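K.L.:
Here's a structure for you.
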Amino acid sequence: MDTIDIEIAVAQYFGYRQNLVVPNVSWGLGLHECDLLMLSKNGYLTEVEIKTSVADLKQDLKKEHEHRSKKVKQLYFAVPSKLAKHYEYIPRRAGILVVNSKHNVYCIAKAEINKDAQASTVEERYQMARLGALRIWGLKSDLQSSRSHCRGLIERNKMYEEMVKVSNKRRADDKYQIVDGEGTIWYYADSKQAELFIDFAKKFNKEDLKYTLIEE
């Protein structure tokens, strides 16, 4: 289980349809960096620190801000089930959310309420909503790039398969052969076709291909 798995599970736990939940908040609110912030309807912030290893928990103890702020009403640590027993590395005032292998979230310790916490201002609520929107468009851009990359791979794979179909039998005008480490042979009429085949094949983890002239 990685950080993203926990992020999604915790966002669902806090109800991102009812509350404003934004990951990776590092600017705009005058706060220390937060793995996840939840803004409730009454205008108070809850911080969630996500940890996936004991080393992460120990490293967090070195943070000077100690997750303290008058802008945060409650602090939670979200961890996978395997870390639940290492609560000694989690501040006593923090609540503990445990995420199991099925991505279900269980609260095994309630967070203390920061009595000095102040409700967020209209400007701060706007900034948080803005950060959430920026995350959405960033993710959409990444998704678009990934989709284009996948389409390219699919097209190259189709071309590679077609090239294999038409080149595994020698024809009268074939002058070049390509041999892989397993002894499989493909035939081509000219070196450009052979080089193109090798270029495609290397994209599919066939690094041992070599072609040689078989002109008779």
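Convention: chains lettered A, B, ... in structure tokens order; per-chain residue numbering from 1; ligands numbered from 1 as shown.
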So that I can check the surroundings of A:Ser69, please list as a list in words every protein, DNA and RNA residue that reaches within 8 Å of it, counting only C-alpha atoms and ignoring chain neighbours fewer than 3 positions away.

P.N.:
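These residues fall inside the cut-off: Leu31, Val72 and Ala117 of chain A.
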
K.L.:
Stretch 34-103 of chain A: which residues are alpha helix (DSSP H) by DSSP, as a list in words?

P.N.:
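Restricting stretch 34-103 of chain A to alpha helix (DSSP H) produces Val54, Ala55, Asp56, Leu57, Lys58, Gln59 and Asp60 of chain A.
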
K.L.:
What separation in Å, quoted to one decimal, exists between atom CA of A:Arg92 and atom CA of A:Leu39?

P.N.:
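Pair atom CA of A:Arg92 / atom CA of A:Leu39 returns 22.3 Å.
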
K.L.:
Report as a list in words all protein, DNA and RNA residues lying within 10 Å of A:Trp27, evaluated on only C-alpha atoms, omitting residues in the same chain fewer than 4 positions from it.

P.N.:
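Near neighbours after the sequence-gap exclusion: Leu31, His32, Glu33, Cys34, Gln127, Met128 and Leu131 of chain A.
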
K.L.:
Considering only C-alpha atoms, can you say which of A:Leu143, A:Leu37, A:Ala55, A:Ala111 comes closest to A:Glu7?

P.N.:
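Closest to A:Glu7, using only C-alpha atoms: A:Leu37.
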
K.L.:
Got a sec: who's within 9 Å of stretch 51-53 of chain A, counting only C-alpha atoms, leaving out chain neighbours fewer than 2 positions off, as a PyMOL selection string?

P.N.:
chain A and resi 1-3+6+49+55-58+60+77-80+82-83

K.L.:
For A:Leu61, list every protein, DNA or RNA residue within 9 Å, evaluated using only C-alpha atoms, and leave out those in the same chain fewer than 6 positions away; present the list as a list of chain:residue names.

P.N.:
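Here the qualifying residues turn out to be A:Tyr89, A:Ile90, A:Pro91.
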
K.L.:
Could you dump the residues just selected with C-alpha atoms as a PDB file, in the first residue's frame?

P.N.:
ATOM      1  CA  TYR A  89       6.226   7.533  17.190  1.00  0.00           C
ATOM      2  CA  ILE A  90       2.939   9.425  16.807  1.00  0.00           C
ATOM      3  CA  PRO A  91       2.211  12.553  18.886  1.00  0.00           C
TER       4      PRO A  91
END

K.L.:
At what distance in Å, to one decimal, does atom CA of A:Met38 lie from atom CA of A:Leu20?

P.N.:
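If I compute the distance from atom CA of A:Leu20 to atom CA of A:Met38, I get 5.6 Å.
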
K.L.:
Determine, counting only C-alpha atoms, which protein, DNA and RNA residues have an atom within 9 Å of an atom of A:Lys71; residues of the same chain fewer than 4 positions away are not included. Present the result as a PyMOL selection string.

P.N.:
chain A and resi 29-31+44-46+116-120

K.L.:
If you run DSSP on the backbone here, which positions in stretch 1-197 of chain A get strand (DSSP E)? Please write them as a PyMOL selection string.

P.N.:
chain A and resi 20-25+34-39+45-50+72-80+95-99+105-109+176-179+185-188

K.L.:
From the options A:Gly28, A:Gly132, A:Gly138, A:Gly95, which residue's atoms come nearest to A:Val48, counting only C-alpha atoms?

P.N.:
A:Gly95

K.L.:
With distances taken over only C-alpha atoms, which of A:His67, A:Arg147, A:Lys102, A:Lys73 is nearest to A:Ala9?

P.N.:
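Smallest distance to A:Ala9 is found for A:Lys102.
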
K.L.:
Record the distance separating atom CA of A:Val22 and atom CA of A:Gln74, expressed in Å with one decimal.

P.N.:
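Computing the Euclidean distance for atom CA of A:Val22 and atom CA of A:Gln74 yields 15.4 Å.
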